[in-house]
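Engineer: I have a structure here, written as structure tokens, and I will follow up with some questions on it.
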Amino acid sequence: MSDPWVTIIGVGEDGPEGLSGASRDALARADLVFGAPRHLELLGVAGEPYPVPFSIQPILAARGKHVAVLASGDPFWHGAGGSLMEALQPDEWISHPVPSSFQRLANRLGWKMENCLCLGLHAVPLTRLRPLLGQGQRLLVLLRDGQAVAELGTYLAEQGFGLSILHVAERLGGPRERLVKITAQEAHTYTFSAPVAAAIDAVGQGMSQASGLPDDLFAHDGQITKRPFRALTLSALAPRHGEVLWDLGCGSGSVSIEFLLAAQGTTAHAVEADEARGTRAALNAESFGLSHRWHLHRGKALEKLDDLPPPNVVFVGGGASLALLDALWPRLPEGARLVMNGVTLETEALLYAAHGLRGGTLIRIDIAEAGALGSRHGWEAARPVVQWSVTK
């Protein structure tokens with residue numbers, strides 16, 4: 001193995017005292033040192049501050065020299081290490097981590113890390129928390145700055161988790177460490193300084209983890225796959241880790257949003273021709289913290305198929321036609337799953353013919369709900385839905 005020209009060094013709030021011998025040696029022989037101003041100050045070394053916004057290009061430009069790159073704690077846990085790996089070969093680098101803020105905070109509180117969720121909220125919206133919150137859930141989070149603690153508390157209170165306990169840690173692991181225990185709803189009354197992390201002991205009722213969330217969790221104009229039909233549709237779509245979904249005629253986006261909630265690592269490409277519905281669906285995805293995995297394509301599905309990446313799963317909830325099906329089928333990779341729902345007689349006829357030609361499963365879903373009937377109650381039937389699902 002050749003001598004690596006990049007050494008990635010984890011730095012804690014204890015500065016030089018927390019460095020290993022290997023890290024000290026790498027700093028001593030480095031021709032260039034890159035790091036955030038805080039890291040350079042903690043170690044008392046002269047170096048090049050990271051560019052803002054962050055870029056690895058200055059580091060790559062120094063190839064051929066001995067370069068030390070400073071990162072917080074574990075460089076591969078929300079650190080600079082992951083960004084560098086996109087451009088380096090295995091024999092070009094070596095990493096010397098120190099305990100991360102997650103590890104330090106869990107050790108301060110006596111929390112088992114295997115029972116905690118760890119999130120870097122310093123550069124992503126707080127809505128990422130929404131699907132994860134639940135009674136008794138423990139989360140360790142990194143925050144952007146001191147002001148973000150108040151924003152976190154306000155968001156938790158808005159989600160019904162205002163009584164959650166926050167353990168807020170400043171400069172964790174260093175001589176100026178401070179640990180404060182407060183409730184989320186009182187966080188705005190405190191002042192904190194960066195770097196800051198928080199442990200959340202959640203108190204409140206979170207979202208159901210089952211498919212078929214209540215309709216009122218989604219903004220819509222009535223164009224939504226209703227809860228019981230959505231639950232059966234998600235069962236047919238069968239989300240699996242890492243899969244790509246096409247949601248053609250997405251309406252409120254409820255089906256593709258629940259697809260993403262059901263399996264981590266999934267992505268959804270939603271197509272919607274109606275301007276207002278597309279905007280509303282995008283806001284729904286954002287409210288669930290899924291904007292990074294949910295992508296909107298405005299226009300008619302038939303005109304957008306070539307703009308989409310190859311799918312593992314396709315859902316057609318609105319706008320089904322023979323032309324769309326004829327264009328869609330040859331574009332499906334082998335093994336891809338297709339689910340189509342129909343409410344109108346014309347769409348039903350299309351699905352019957354498709355089933356006869358290509359096989360798969362054809363079901364009719366009839367659902368009625370009890371409702372007021374004068375002074376008594378009776379059954380109110382929803383429009384039946386015919387569902388065709390097939391694997392190519």
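Chain labels follow the order of the structure tokens: the first chain is A, the next B, and so on; residue numbering restarts at 1 in every chain, and ligands are counted from 1 in their shown order.
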Can you tell me, as a list in words, what residues are no more than 6 Å from region 48-51 of chain A when counting only C-alpha atoms, ignoring any on the same chain fewer than 6 positions away?

Structural biologist: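 Counting only C-alpha atoms, the residues come to Phe34, Gly35, Ala36 and Pro37 of chain A.
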
Engineer: List as a PyMOL selection string the protein and nucleic acid residues near Trp379 (chain A), meaning an atom at most 6 Å away when only C-alpha atoms are counted, but skip any in the same chain fewer than 5 places from it.

Structural biologist: chain A and resi 368-370

Engineer: Store the residues picked out above in a file with N, CA, C and O atoms, as an mmCIF file, in the first residue's frame.

Structural biologist:
data_model
loop_
_atom_site.group_PDB
_atom_site.id
_atom_site.type_symbol
_atom_site.label_atom_id
_atom_site.label_comp_id
_atom_site.auth_asym_id
_atom_site.auth_seq_id
_atom_site.Cartn_x
_atom_site.Cartn_y
_atom_site.Cartn_z
ATOM 1 N N ALA A 368 -67.618 0.587 2.668
ATOM 2 C CA ALA A 368 -68.692 1.442 3.168
ATOM 3 C C ALA A 368 -68.371 1.846 4.600
ATOM 4 O O ALA A 368 -67.753 1.091 5.350
ATOM 5 N N GLU A 369 -68.792 3.058 4.959
ATOM 6 C CA GLU A 369 -68.544 3.580 6.295
ATOM 7 C C GLU A 369 -69.867 3.995 6.916
ATOM 8 O O GLU A 369 -70.744 4.548 6.245
ATOM 9 N N ALA A 370 -70.002 3.723 8.203
ATOM 10 C CA ALA A 370 -71.239 4.084 8.889
ATOM 11 C C ALA A 370 -71.367 5.600 8.972
ATOM 12 O O ALA A 370 -70.401 6.308 9.288
#

Engineer: Considering only C-alpha atoms, give me a table of residues in region 196-227 of chain A that are at most 6 Å from region 242-256 of chain A, with the closest atom pair and distance in Å for each, as a Markdown table.

Structural biologist:
| residue | atom | partner | partner_atom | distance |
| --- | --- | --- | --- | --- |
| A:His220 | CA | A:Ser252 | CA | 5.4 |
| A:Gln223 | CA | A:Gly251 | CA | 5.6 |
| A:Ile224 | CA | A:Ser252 | CA | 5.6 |

Engineer: Please produce a file of those selected residues containing C-alpha atoms, as a JSON list (two decimals), in the first residue's frame.

Structural biologist:
[["chain", "number", "residue", "atom", "x", "y", "z"],
["A", 220, "HIS", "CA", -55.65, 18.03, -0.78],
["A", 223, "GLN", "CA", -58.08, 14.35, -5.30],
["A", 224, "ILE", "CA", -56.53, 11.86, -2.91]]

Engineer: Return as a VMD selection string the full set of residues in region 68-262 of chain A whose backbone-based DSSP assignment is strand (DSSP E or B).

Structural biologist: chain A and resid 68 to 72 93 to 96 116 to 120 138 to 143 165 to 170 178 to 183 196 to 201 244 to 248

Engineer: Within 12 Å of region 189-195 of chain A, which residues of region 9-40 of chain A come that close, and what is the closest atom pair and distance in Å for each? Count only C-alpha atoms and give it as CSV.

Structural biologist:
residue,atom,partner,partner_atom,distance
A:Gly12,CA,A:Pro195,CA,10.8
A:Glu13,CA,A:Pro195,CA,9.2
A:Arg38,CA,A:Pro195,CA,9.4
A:His39,CA,A:Pro195,CA,11.3

Engineer: Store the residues of this selection in a file with C-alpha atoms, as a PDB file, in the first residue's frame.

Structural biologist:
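Result saved to again09.pdb:
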ATOM      1  CA  GLY A  12     -12.922  17.110  19.665  1.00  0.00           C
ATOM      2  CA  GLU A  13     -13.504  20.056  21.983  1.00  0.00           C
ATOM      3  CA  ARG A  38     -12.916  26.373  14.931  1.00  0.00           C
ATOM      4  CA  HIS A  39     -10.857  23.220  14.337  1.00  0.00           C
TER       5      HIS A  39
END

Engineer: Just to confirm, what's the straight-line distance from CA of Leu172 (chain A) to CA of Leu133 (chain A) in Å (one decimal)?

Structural biologist: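 About the pair CA of Leu172 (chain A) and CA of Leu133 (chain A): they are 24.5 Å apart.
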
Engineer: Rank nothing, just name the residue among A:Glu17, A:Asp25, A:Glu92, A:Glu258 nearest to Pro239 (chain A), using only C-alpha atoms.

Structural biologist: A:Glu258

Engineer: Quick one: residues within 6 Å of region 59-71 of chain A, only C-alpha atoms, excluding same-chain residues fewer than 5 positions away - as a list in words?

Structural biologist: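 Near neighbours after the sequence-gap exclusion: Trp5, Val6, Thr7, Ile8, Ile9, Gly10, Val11, Ala30, Asp31, Leu32, Val33, Phe34 and Gly35 of chain A.
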
Engineer: Just to be explicit: take each residue in the selection above, keep N, CA, C and O atoms, and write the result as a PDB file, in the first residue's frame.

Structural biologist:
ATOM      1  N   TRP A   5      -1.666  10.293   0.896  1.00  0.00           N
ATOM      2  CA  TRP A   5      -1.300  11.707   0.926  1.00  0.00           C
ATOM      3  C   TRP A   5      -2.316  12.539   1.714  1.00  0.00           C
ATOM      4  O   TRP A   5      -2.034  13.686   2.085  1.00  0.00           O
ATOM      5  N   VAL A   6      -3.507  11.973   2.013  1.00  0.00           N
ATOM      6  CA  VAL A   6      -4.513  12.667   2.819  1.00  0.00           C
ATOM      7  C   VAL A   6      -4.710  11.923   4.134  1.00  0.00           C
ATOM      8  O   VAL A   6      -4.957  10.718   4.140  1.00  0.00           O
ATOM      9  N   THR A   7      -4.592  12.657   5.237  1.00  0.00           N
ATOM     10  CA  THR A   7      -4.933  12.117   6.554  1.00  0.00           C
ATOM     11  C   THR A   7      -6.103  12.915   7.100  1.00  0.00           C
ATOM     12  O   THR A   7      -6.013  14.141   7.245  1.00  0.00           O
ATOM     13  N   ILE A   8      -7.196  12.209   7.376  1.00  0.00           N
ATOM     14  CA  ILE A   8      -8.391  12.866   7.922  1.00  0.00           C
ATOM     15  C   ILE A   8      -8.344  12.695   9.431  1.00  0.00           C
ATOM     16  O   ILE A   8      -8.279  11.567   9.945  1.00  0.00           O
ATOM     17  N   ILE A   9      -8.361  13.807  10.144  1.00  0.00           N
ATOM     18  CA  ILE A   9      -8.146  13.796  11.588  1.00  0.00           C
ATOM     19  C   ILE A   9      -9.401  14.275  12.306  1.00  0.00           C
ATOM     20  O   ILE A   9      -9.860  15.398  12.092  1.00  0.00           O
ATOM     21  N   GLY A  10      -9.947  13.412  13.146  1.00  0.00           N
ATOM     22  CA  GLY A  10     -11.074  13.809  13.977  1.00  0.00           C
ATOM     23  C   GLY A  10     -10.618  14.690  15.117  1.00  0.00           C
ATOM     24  O   GLY A  10      -9.594  14.412  15.755  1.00  0.00           O
ATOM     25  N   VAL A  11     -11.368  15.766  15.354  1.00  0.00           N
ATOM     26  CA  VAL A  11     -11.007  16.740  16.388  1.00  0.00           C
ATOM     27  C   VAL A  11     -12.186  16.906  17.347  1.00  0.00           C
ATOM     28  O   VAL A  11     -13.337  17.049  16.911  1.00  0.00           O
ATOM     29  N   ALA A  30       2.524  17.381   7.887  1.00  0.00           N
ATOM     30  CA  ALA A  30       1.627  17.896   6.851  1.00  0.00           C
ATOM     31  C   ALA A  30       2.203  19.135   6.186  1.00  0.00           C
ATOM     32  O   ALA A  30       2.716  20.046   6.850  1.00  0.00           O
ATOM     33  N   ASP A  31       2.139  19.168   4.857  1.00  0.00           N
ATOM     34  CA  ASP A  31       2.513  20.375   4.117  1.00  0.00           C
ATOM     35  C   ASP A  31       1.374  21.397   4.152  1.00  0.00           C
ATOM     36  O   ASP A  31       1.626  22.606   4.108  1.00  0.00           O
ATOM     37  N   LEU A  32       0.138  20.900   4.206  1.00  0.00           N
ATOM     38  CA  LEU A  32      -1.039  21.756   4.258  1.00  0.00           C
ATOM     39  C   LEU A  32      -2.046  21.161   5.223  1.00  0.00           C
ATOM     40  O   LEU A  32      -2.203  19.943   5.308  1.00  0.00           O
ATOM     41  N   VAL A  33      -2.734  22.034   5.960  1.00  0.00           N
ATOM     42  CA  VAL A  33      -3.797  21.604   6.874  1.00  0.00           C
ATOM     43  C   VAL A  33      -5.073  22.351   6.498  1.00  0.00           C
ATOM     44  O   VAL A  33      -5.079  23.586   6.402  1.00  0.00           O
ATOM     45  N   PHE A  34      -6.145  21.594   6.264  1.00  0.00           N
ATOM     46  CA  PHE A  34      -7.449  22.189   5.970  1.00  0.00           C
ATOM     47  C   PHE A  34      -8.397  21.903   7.134  1.00  0.00           C
ATOM     48  O   PHE A  34      -8.385  20.795   7.699  1.00  0.00           O
ATOM     49  N   GLY A  35      -9.236  22.872   7.457  1.00  0.00           N
ATOM     50  CA  GLY A  35     -10.215  22.661   8.524  1.00  0.00           C
ATOM     51  C   GLY A  35     -11.113  23.861   8.699  1.00  0.00           C
ATOM     52  O   GLY A  35     -10.857  24.944   8.156  1.00  0.00           O
TER      53      GLY A  35
END

Engineer: Rank nothing, just name the residue among A:Val149, A:Leu328, A:Val385, A:Leu109 nearest to Ala187 (chain A), using only C-alpha atoms.

Structural biologist: A:Val149

Engineer: From the list A:Asp306, A:Asp201, A:Glu275, A:Asp326, which residue is nearest Cys116 (chain A) when using only C-alpha atoms?

Structural biologist: A:Asp201

Engineer: Need to verify the contact set: Leu105 (chain A), 9 Å, only C-alpha atoms, exclusion of same-chain residues closer than 4 positions in sequence. Can you return it as a PDB file with N, CA and C atoms, in the first residue's frame?

Structural biologist:
ATOM      1  N   SER A 100     -17.492  10.762  18.481  1.00  0.00           N
ATOM      2  CA  SER A 100     -18.389  11.754  17.888  1.00  0.00           C
ATOM      3  C   SER A 100     -19.221  12.426  18.974  1.00  0.00           C
ATOM      4  N   SER A 101     -19.891  13.506  18.588  1.00  0.00           N
ATOM      5  CA  SER A 101     -20.800  14.178  19.526  1.00  0.00           C
ATOM      6  C   SER A 101     -21.925  13.241  19.952  1.00  0.00           C
ATOM      7  N   LEU A 109     -25.253  10.893  29.240  1.00  0.00           N
ATOM      8  CA  LEU A 109     -26.603  10.635  29.736  1.00  0.00           C
ATOM      9  C   LEU A 109     -26.831   9.190  30.142  1.00  0.00           C
ATOM     10  N   GLY A 110     -25.909   8.299  29.755  1.00  0.00           N
ATOM     11  CA  GLY A 110     -26.108   6.891  30.044  1.00  0.00           C
ATOM     12  C   GLY A 110     -27.151   6.252  29.158  1.00  0.00           C
ATOM     13  N   TRP A 111     -27.273   6.755  27.938  1.00  0.00           N
ATOM     14  CA  TRP A 111     -28.240   6.208  26.973  1.00  0.00           C
ATOM     15  C   TRP A 111     -27.536   5.168  26.102  1.00  0.00           C
ATOM     16  N   LEU A 140     -30.635  11.564  19.182  1.00  0.00           N
ATOM     17  CA  LEU A 140     -29.449  12.408  19.349  1.00  0.00           C
ATOM     18  C   LEU A 140     -29.293  13.212  18.069  1.00  0.00           C
ATOM     19  N   HIS A 167     -31.950  17.508  26.370  1.00  0.00           N
ATOM     20  CA  HIS A 167     -30.652  17.651  27.030  1.00  0.00           C
ATOM     21  C   HIS A 167     -29.759  18.364  26.008  1.00  0.00           C
ATOM     22  N   ALA A 169     -26.392  20.190  24.820  1.00  0.00           N
ATOM     23  CA  ALA A 169     -24.967  20.159  25.151  1.00  0.00           C
ATOM     24  C   ALA A 169     -24.201  21.165  24.310  1.00  0.00           C
ATOM     25  N   LEU A 172     -19.320  19.985  23.782  1.00  0.00           N
ATOM     26  CA  LEU A 172     -19.278  18.693  24.454  1.00  0.00           C
ATOM     27  C   LEU A 172     -17.878  18.091  24.417  1.00  0.00           C
ATOM     28  N   GLY A 173     -17.383  17.675  25.574  1.00  0.00           N
ATOM     29  CA  GLY A 173     -16.084  17.013  25.664  1.00  0.00           C
ATOM     30  C   GLY A 173     -14.917  17.935  25.925  1.00  0.00           C
ATOM     31  N   ALA A 197     -25.354  20.259  20.448  1.00  0.00           N
ATOM     32  CA  ALA A 197     -26.075  19.036  20.116  1.00  0.00           C
ATOM     33  C   ALA A 197     -27.182  18.865  21.151  1.00  0.00           C
ATOM     34  N   ALA A 198     -28.174  18.053  20.828  1.00  0.00           N
ATOM     35  CA  ALA A 198     -29.279  17.857  21.758  1.00  0.00           C
ATOM     36  C   ALA A 198     -29.717  16.397  21.753  1.00  0.00           C
ATOM     37  N   ALA A 199     -30.110  15.940  22.927  1.00  0.00           N
ATOM     38  CA  ALA A 199     -30.720  14.623  23.078  1.00  0.00           C
ATOM     39  C   ALA A 199     -32.199  14.846  23.372  1.00  0.00           C
TER      40      ALA A 199
END

Engineer: Write out as a short mmCIF file (atom, residue, chain, number, x, y, z; two decimals) with all heavy atoms, in the first residue's frame each polymer residue whose atoms come within 12 Å of Ala282 (chain A), counting only C-alpha atoms; drop sequence neighbours fewer than 6 positions from it.

Structural biologist:
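Saved the output as selection.cif:
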data_model
loop_
_atom_site.label_atom_id
_atom_site.label_comp_id
_atom_site.auth_asym_id
_atom_site.auth_seq_id
_atom_site.Cartn_x
_atom_site.Cartn_y
_atom_site.Cartn_z
N PHE A 218 -52.72 15.07 5.03
CA PHE A 218 -52.30 15.56 3.72
C PHE A 218 -53.20 16.72 3.29
O PHE A 218 -54.43 16.63 3.39
CB PHE A 218 -52.40 14.45 2.66
CG PHE A 218 -51.63 13.20 3.00
CD1 PHE A 218 -52.23 12.16 3.69
CD2 PHE A 218 -50.29 13.07 2.64
CE1 PHE A 218 -51.53 11.00 4.00
CE2 PHE A 218 -49.58 11.92 2.95
CZ PHE A 218 -50.20 10.89 3.63
N ALA A 219 -52.59 17.79 2.79
CA ALA A 219 -53.38 18.85 2.16
C ALA A 219 -53.85 18.34 0.80
O ALA A 219 -53.07 17.77 0.04
CB ALA A 219 -52.53 20.10 2.00
N HIS A 220 -55.13 18.52 0.50
CA HIS A 220 -55.65 18.03 -0.78
C HIS A 220 -56.94 18.76 -1.13
O HIS A 220 -57.54 19.44 -0.29
CB HIS A 220 -55.91 16.52 -0.72
CG HIS A 220 -56.94 16.11 0.30
ND1 HIS A 220 -58.27 16.01 -0.01
CD2 HIS A 220 -56.82 15.77 1.62
CE1 HIS A 220 -58.95 15.63 1.06
NE2 HIS A 220 -58.09 15.48 2.07
N CYS A 250 -50.04 12.21 -9.54
CA CYS A 250 -49.85 12.00 -8.10
C CYS A 250 -50.92 12.65 -7.23
O CYS A 250 -51.05 12.29 -6.06
CB CYS A 250 -48.46 12.48 -7.68
SG CYS A 250 -48.23 14.27 -7.70
N GLY A 251 -51.68 13.63 -7.74
CA GLY A 251 -52.69 14.28 -6.92
C GLY A 251 -52.08 14.94 -5.70
O GLY A 251 -51.25 15.85 -5.82
N SER A 252 -52.43 14.48 -4.51
CA SER A 252 -51.89 15.04 -3.28
C SER A 252 -50.50 14.49 -2.95
O SER A 252 -49.84 14.98 -2.03
CB SER A 252 -52.83 14.73 -2.11
OG SER A 252 -52.83 13.34 -1.84
N GLY A 253 -50.08 13.46 -3.65
CA GLY A 253 -48.79 12.82 -3.37
C GLY A 253 -48.84 11.82 -2.23
O GLY A 253 -47.81 11.30 -1.81
N SER A 254 -50.04 11.52 -1.72
CA SER A 254 -50.15 10.68 -0.52
C SER A 254 -49.56 9.28 -0.72
O SER A 254 -48.92 8.74 0.19
CB SER A 254 -51.61 10.58 -0.07
OG SER A 254 -52.42 9.97 -1.07
N SER A 256 -47.14 8.20 -2.91
CA SER A 256 -45.68 8.19 -3.00
C SER A 256 -45.04 8.60 -1.68
O SER A 256 -43.96 8.11 -1.31
CB SER A 256 -45.20 9.09 -4.14
OG SER A 256 -45.84 10.34 -4.15
N ILE A 257 -45.68 9.49 -0.93
CA ILE A 257 -45.16 9.88 0.38
C ILE A 257 -45.16 8.67 1.33
O ILE A 257 -44.17 8.40 2.01
CB ILE A 257 -45.98 11.04 0.97
CG1 ILE A 257 -45.64 12.34 0.21
CG2 ILE A 257 -45.71 11.21 2.46
CD1 ILE A 257 -46.54 13.50 0.54
N ALA A 268 -38.90 8.73 -4.91
CA ALA A 268 -40.14 8.79 -5.68
C ALA A 268 -40.06 9.93 -6.69
O ALA A 268 -39.58 11.02 -6.37
CB ALA A 268 -41.34 9.00 -4.76
N HIS A 269 -40.53 9.65 -7.90
CA HIS A 269 -40.64 10.66 -8.95
C HIS A 269 -42.12 10.79 -9.28
O HIS A 269 -42.73 9.87 -9.84
CB HIS A 269 -39.81 10.27 -10.17
CG HIS A 269 -38.35 10.32 -9.91
ND1 HIS A 269 -37.57 11.42 -10.23
CD2 HIS A 269 -37.50 9.43 -9.31
CE1 HIS A 269 -36.32 11.19 -9.86
NE2 HIS A 269 -36.26 10.00 -9.30
N ALA A 270 -42.69 11.92 -8.88
CA ALA A 270 -44.12 12.15 -9.03
C ALA A 270 -44.38 13.06 -10.22
O ALA A 270 -43.71 14.08 -10.39
CB ALA A 270 -44.68 12.78 -7.75
N VAL A 271 -45.36 12.68 -11.03
CA VAL A 271 -45.73 13.47 -12.21
C VAL A 271 -47.15 13.99 -12.00
O VAL A 271 -48.06 13.23 -11.66
CB VAL A 271 -45.66 12.61 -13.49
CG1 VAL A 271 -46.07 13.44 -14.70
CG2 VAL A 271 -44.25 12.05 -13.68
N GLU A 272 -47.33 15.29 -12.20
CA GLU A 272 -48.65 15.90 -12.04
C GLU A 272 -48.81 17.05 -13.02
O GLU A 272 -47.94 17.92 -13.10
CB GLU A 272 -48.83 16.40 -10.60
CG GLU A 272 -50.16 17.09 -10.33
CD GLU A 272 -51.36 16.23 -10.69
OE1 GLU A 272 -51.48 15.11 -10.15
OE2 GLU A 272 -52.17 16.69 -11.54
N GLU A 275 -51.14 22.36 -11.98
CA GLU A 275 -50.15 23.21 -11.30
C GLU A 275 -50.38 23.26 -9.79
O GLU A 275 -49.46 23.08 -8.99
CB GLU A 275 -50.19 24.62 -11.88
CG GLU A 275 -49.09 25.53 -11.39
CD GLU A 275 -47.75 25.30 -12.08
OE1 GLU A 275 -47.75 24.62 -13.13
OE2 GLU A 275 -46.73 25.79 -11.57
N ALA A 276 -51.62 23.52 -9.40
CA ALA A 276 -51.92 23.67 -7.97
C ALA A 276 -51.72 22.35 -7.22
O ALA A 276 -51.19 22.32 -6.11
CB ALA A 276 -53.35 24.17 -7.78
N PHE A 288 -43.45 16.23 5.57
CA PHE A 288 -43.04 14.94 6.13
C PHE A 288 -41.52 14.78 6.13
O PHE A 288 -41.01 13.70 6.44
CB PHE A 288 -43.67 13.79 5.34
CG PHE A 288 -45.12 13.53 5.67
CD1 PHE A 288 -46.12 14.16 4.96
CD2 PHE A 288 -45.47 12.67 6.69
CE1 PHE A 288 -47.46 13.93 5.25
CE2 PHE A 288 -46.80 12.42 6.99
CZ PHE A 288 -47.80 13.07 6.28
N GLY A 289 -40.79 15.82 5.77
CA GLY A 289 -39.33 15.76 5.75
C GLY A 289 -38.77 14.91 4.65
O GLY A 289 -37.70 14.33 4.78
N LEU A 290 -39.48 14.84 3.51
CA LEU A 290 -39.10 13.92 2.44
C LEU A 290 -38.69 14.62 1.14
O LEU A 290 -38.55 13.96 0.11
CB LEU A 290 -40.26 12.96 2.14
CG LEU A 290 -40.65 12.03 3.28
CD1 LEU A 290 -41.96 11.29 2.97
CD2 LEU A 290 -39.54 11.02 3.57
N SER A 291 -38.50 15.93 1.18
CA SER A 291 -38.19 16.65 -0.06
C SER A 291 -36.93 16.16 -0.74
O SER A 291 -36.80 16.27 -1.97
CB SER A 291 -38.04 18.15 0.24
OG SER A 291 -39.28 18.71 0.63
N HIS A 292 -36.00 15.61 0.02
CA HIS A 292 -34.74 15.12 -0.57
C HIS A 292 -34.92 13.80 -1.30
O HIS A 292 -34.03 13.39 -2.05
CB HIS A 292 -33.68 14.99 0.52
CG HIS A 292 -34.03 14.03 1.62
ND1 HIS A 292 -35.18 14.13 2.37
CD2 HIS A 292 -33.36 12.93 2.10
CE1 HIS A 292 -35.21 13.16 3.27
NE2 HIS A 292 -34.14 12.42 3.11
N ARG A 293 -36.07 13.13 -1.09
CA ARG A 293 -36.30 11.83 -1.74
C ARG A 293 -37.53 11.84 -2.65
O ARG A 293 -37.78 10.85 -3.35
CB ARG A 293 -36.48 10.74 -0.67
CG ARG A 293 -35.23 10.48 0.14
CD ARG A 293 -35.52 9.72 1.43
NE ARG A 293 -36.29 8.51 1.20
CZ ARG A 293 -36.99 7.90 2.14
NH1 ARG A 293 -37.04 8.39 3.38
NH2 ARG A 293 -37.67 6.80 1.86
N TRP A 294 -38.28 12.93 -2.65
CA TRP A 294 -39.51 13.04 -3.44
C TRP A 294 -39.31 14.14 -4.48
O TRP A 294 -39.03 15.29 -4.15
CB TRP A 294 -40.68 13.38 -2.52
CG TRP A 294 -42.05 13.29 -3.12
CD1 TRP A 294 -42.90 12.24 -3.08
CD2 TRP A 294 -42.75 14.32 -3.84
NE1 TRP A 294 -44.09 12.53 -3.72
CE2 TRP A 294 -44.02 13.80 -4.21
CE3 TRP A 294 -42.43 15.61 -4.23
CZ2 TRP A 294 -44.97 14.55 -4.92
CZ3 TRP A 294 -43.37 16.36 -4.94
CH2 TRP A 294 -44.61 15.82 -5.28
N HIS A 295 -39.47 13.80 -5.76
CA HIS A 295 -39.15 14.74 -6.84
C HIS A 295 -40.38 14.94 -7.74
O HIS A 295 -40.98 13.98 -8.20
CB HIS A 295 -37.97 14.21 -7.66
CG HIS A 295 -36.79 13.81 -6.83
ND1 HIS A 295 -35.93 14.73 -6.29
CD2 HIS A 295 -36.36 12.60 -6.41
CE1 HIS A 295 -35.00 14.11 -5.59
NE2 HIS A 295 -35.24 12.81 -5.65
N LEU A 296 -40.72 16.19 -7.98
CA LEU A 296 -41.90 16.53 -8.77
C LEU A 296 -41.52 16.82 -10.21
O LEU A 296 -40.56 17.56 -10.48
CB LEU A 296 -42.60 17.75 -8.17
CG LEU A 296 -43.81 18.29 -8.95
CD1 LEU A 296 -44.94 17.26 -8.96
CD2 LEU A 296 -44.30 19.61 -8.33
N HIS A 297 -42.29 16.25 -11.14
CA HIS A 297 -42.15 16.53 -12.57
C HIS A 297 -43.50 17.05 -13.05
O HIS A 297 -44.50 16.33 -13.02
CB HIS A 297 -41.76 15.26 -13.34
CG HIS A 297 -40.50 14.62 -12.83
ND1 HIS A 297 -39.27 14.85 -13.41
CD2 HIS A 297 -40.29 13.77 -11.79
CE1 HIS A 297 -38.35 14.15 -12.75
NE2 HIS A 297 -38.96 13.51 -11.76
N ARG A 298 -43.55 18.29 -13.47
CA ARG A 298 -44.80 18.91 -13.86
C ARG A 298 -45.10 18.62 -15.33
O ARG A 298 -44.24 18.81 -16.19
CB ARG A 298 -44.76 20.43 -13.63
CG ARG A 298 -44.60 20.82 -12.16
CD ARG A 298 -44.64 22.34 -12.00
NE ARG A 298 -44.40 22.76 -10.63
CZ ARG A 298 -45.36 22.88 -9.71
NH1 ARG A 298 -46.61 22.61 -10.04
NH2 ARG A 298 -45.06 23.29 -8.48
#

Engineer: A:Asn284, A:Gly374, A:Lys181, A:Lys304: which is nearest Leu324 (chain A), counting only C-alpha atoms?

Structural biologist: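 Among the listed residues, the smallest separation from Leu324 (chain A) belongs to A:Lys304.
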
Engineer: Find the residues around Met207 (chain A) up to 9 Å (only C-alpha atoms counted), leave out those fewer than 3 positions away in its own chain, and share them as a PDB file with N, CA and C atoms, in the first residue's frame.

Structural biologist:
ATOM      1  N   ARG A 130     -40.286  14.484  11.774  1.00  0.00           N
ATOM      2  CA  ARG A 130     -41.706  14.168  11.902  1.00  0.00           C
ATOM      3  C   ARG A 130     -42.024  12.676  11.870  1.00  0.00           C
ATOM      4  N   PRO A 131     -41.501  11.904  10.902  1.00  0.00           N
ATOM      5  CA  PRO A 131     -41.844  10.477  10.885  1.00  0.00           C
ATOM      6  C   PRO A 131     -41.196   9.676  12.015  1.00  0.00           C
ATOM      7  N   LEU A 132     -40.232  10.277  12.716  1.00  0.00           N
ATOM      8  CA  LEU A 132     -39.449   9.536  13.698  1.00  0.00           C
ATOM      9  C   LEU A 132     -39.934   9.736  15.123  1.00  0.00           C
ATOM     10  N   LEU A 133     -40.755  10.755  15.345  1.00  0.00           N
ATOM     11  CA  LEU A 133     -41.185  11.086  16.698  1.00  0.00           C
ATOM     12  C   LEU A 133     -42.236  10.096  17.197  1.00  0.00           C
ATOM     13  N   GLY A 134     -42.099   9.700  18.438  1.00  0.00           N
ATOM     14  CA  GLY A 134     -43.060   8.796  19.052  1.00  0.00           C
ATOM     15  C   GLY A 134     -42.797   8.719  20.541  1.00  0.00           C
ATOM     16  N   ALA A 210     -48.081   2.263  10.372  1.00  0.00           N
ATOM     17  CA  ALA A 210     -48.749   1.400   9.399  1.00  0.00           C
ATOM     18  C   ALA A 210     -49.130   2.201   8.166  1.00  0.00           C
ATOM     19  N   LEU A 213     -52.305   6.302   6.368  1.00  0.00           N
ATOM     20  CA  LEU A 213     -52.400   7.395   7.323  1.00  0.00           C
ATOM     21  C   LEU A 213     -53.715   8.151   7.126  1.00  0.00           C
TER      22      LEU A 213
END

Engineer: Please provide the set of residues having any atom within 9 Å of Gly204 (chain A), restricted to only C-alpha atoms, with same-chain residues fewer than 5 positions apart removed, written as a list in words.

Structural biologist: Leu133, Gly134, Gln135, Gly136, Gln159, Gly160, Phe161, Gly162, Leu163 and Ser164 of chain A

Engineer: Run DSSP on the backbone and grab whatever in region 59-178 of chain A lands in helix (DSSP H, G or I); send it over as an NGL selection string.

Structural biologist: :A and (59-60 or 80-85 or 90-92 or 101-109 or 113-115 or 126-132 or 147-158)

Engineer: Report, in Å to a single decimal, how far apart CA of Asp216 (chain A) and CA of Thr154 (chain A) are.

Structural biologist: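 A separation of 21.9 Å between them.
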